[in-house]
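Colleague: Here it is, the structure in full.
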Amino acid sequence: MAGMATHVITGAGSGIGAAVARRLHARGDDLVLHARDAGRAKELAAQFPGAKTLVGDLADPDKLSWAFSHQGLPDRVDSLLHIAGVVDLGPVGDLTPKSWRHQLNVNLIAPAELTRHFLPQLRADRGHVIFVNSGAGLSASAEWSAYAASKHGLKALADSLRNEEHDNGVRVTSVYPGRTASPMQAKVHQQEGKEYDESKWIDPESVATTILMALDLPRDAEVNDLTVRPGN
């Protein structure tokens, strides 16, 4: 993808999202960074000078349309990068509907709604949608039911979208990272009651490298599914 492309990114505040945003910002591309509220938007704008922000709460997908109608959406979108996510572990016997809904809203329904909003621009620019999924999107372990269900759903969303939009020139990639050193991973370890050692897990920069590889691939090819596992 040659210079001055425009990328819409969720989850740019930390972990994989921040690593991807830094790389794209450093090479001079235009960024539109999603933030859940105005305070977070201000922080992201300070972190990435020149970037635009887009405010809307992914935990309440029903209101995204209203929120976006009061802001200027970019005319051009070369890539839409779904990197934000939440996790709340627990056995099926304990997880409440509130916990299920929160994870499904942020991890699945909000990405579908964002994609719906940006599809006209993506079609016009023969753009690329990248879903940062999870190893849990391929298999579900004990106590991961709600999160894994949201990520299995995200795989289905990506697969359907790819089949629907292929003839429009829109590329769709799912990336399935294993455990990655990030604030989310620290929270997972806390929920599991385990000590967290970030050196054991994938550096977010390594996942960012794989995402940029998929983005920058020449137009004659498309990465559909990319699994990234810890190498240590």
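Order determines the names: the first chain of the structure tokens is A, the second B, and so forth; residues in each chain are numbered 1 upward, and ligands are numbered 1 upward as they are shown.
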Any chance you could tabulate, as a tab-separated table, the residues of range 68-151 of chain A at most 10 Å from range 16-19 of chain A with each one's nearest atom pair and distance in Å to one decimal, using only C-alpha atoms, in chain and rising number order?
Modeller:
```
residue	atom	partner	partner_atom	distance
A:Leu81	CA	A:Gly17	CA	8.5
A:His82	CA	A:Gly17	CA	8.6
A:Ile83	CA	A:Gly17	CA	5.6
A:Ala84	CA	A:Gly17	CA	7.2
A:Val132	CA	A:Ile16	CA	8.9
```
Colleague: Please produce a file of the residues just selected, as a short mmCIF file (atom, residue, chain, number, x, y, z; two decimals), in the first residue's frame, where the atoms kept are N, CA and C atoms.
Modeller:
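File part-v8.cif, as written:
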```
data_model
loop_
_atom_site.label_atom_id
_atom_site.label_comp_id
_atom_site.auth_asym_id
_atom_site.auth_seq_id
_atom_site.Cartn_x
_atom_site.Cartn_y
_atom_site.Cartn_z
N LEU A 81 -8.92 -1.41 10.54
CA LEU A 81 -8.20 -2.36 11.39
C LEU A 81 -8.94 -2.52 12.72
N HIS A 82 -9.58 -3.66 12.90
CA HIS A 82 -10.32 -3.94 14.13
C HIS A 82 -9.37 -4.60 15.14
N ILE A 83 -8.87 -3.81 16.09
CA ILE A 83 -7.88 -4.35 17.02
C ILE A 83 -8.35 -4.28 18.47
N ALA A 84 -9.33 -3.43 18.76
CA ALA A 84 -9.85 -3.32 20.13
C ALA A 84 -10.52 -4.63 20.55
N VAL A 132 -8.30 -8.38 14.02
CA VAL A 132 -7.37 -9.05 14.93
C VAL A 132 -8.22 -9.94 15.83
#
```
Colleague: Please, which residues of range 53-106 of chain A, numbered as in this document, come out strand (DSSP E) from DSSP, as an NGL selection string?
Modeller: :A and (53-55 or 79-82)
Colleague: Go ahead and write the selection's residues with C-alpha atoms as a PDB file, in the first residue's frame.
Modeller:
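Result file selection_37.pdb:
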```pdb
ATOM      1  CA  THR A  53     -10.026  10.746  16.001  1.00  0.00           C
ATOM      2  CA  LEU A  54     -13.452   9.154  15.898  1.00  0.00           C
ATOM      3  CA  VAL A  55     -15.428   8.848  19.135  1.00  0.00           C
ATOM      4  CA  SER A  79      -7.852  -0.045   5.606  1.00  0.00           C
ATOM      5  CA  LEU A  80     -10.103  -0.682   8.573  1.00  0.00           C
ATOM      6  CA  LEU A  81      -8.205  -2.358  11.392  1.00  0.00           C
ATOM      7  CA  HIS A  82     -10.324  -3.943  14.132  1.00  0.00           C
TER       8      HIS A  82
END
```
Colleague: Find the residues around Val223 in chain A up to 8 Å (only C-alpha atoms counted), leave out those fewer than 4 positions away in its own chain, and share them as a ChimeraX atom specification.
Modeller: /A:172-173,214
Colleague: Fewer than 4 positions away in the same chain doesn't count, so skip those; otherwise give me all residues within 12 Å of Ala221 in chain A, counting only C-alpha atoms, as a list in words.
Modeller: His128, His166, Gly169, Val170, Arg171, Val172, Thr173, Met213, Ala214, Leu215, Asp216 and Leu217 of chain A
Colleague: Using only C-alpha atoms, which of A:Asp225, A:Asp159, A:Asp60, A:Asp30 sits nearest Thr210 in chain A?
Modeller: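 For Thr210 in chain A, the nearest of the given residues is A:Asp225.
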Colleague: Pick the closest to Val86 in chain A from A:Val20, A:Ala35, A:Leu104, A:Ile109: which is it, counting only C-alpha atoms?
Modeller: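 Smallest separation from Val86 in chain A among the options: A:Leu104.
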Colleague: Find the residues of range 93-169 of chain A that sit at most 12 Å from range 66-72 of chain A; for each, write down the nearest two atoms and how far apart they are in Å, to one decimal. Count only C-alpha atoms. Sort by chain, then by number going up, and give it as a Markdown table.
Modeller:
```
| residue | atom | partner | partner_atom | distance |
| --- | --- | --- | --- | --- |
| A:Glu113 | CA | A:Phe68 | CA | 11.1 |
| A:Leu114 | CA | A:Phe68 | CA | 9.7 |
| A:His117 | CA | A:Phe68 | CA | 8.8 |
| A:Phe118 | CA | A:Phe68 | CA | 10.9 |
```
Colleague: Find, counting only C-alpha atoms, the residue in A:Val207, A:Val8, A:Ala59, A:Leu212 that gets nearest to Thr227 in chain A.
Modeller: A:Val207
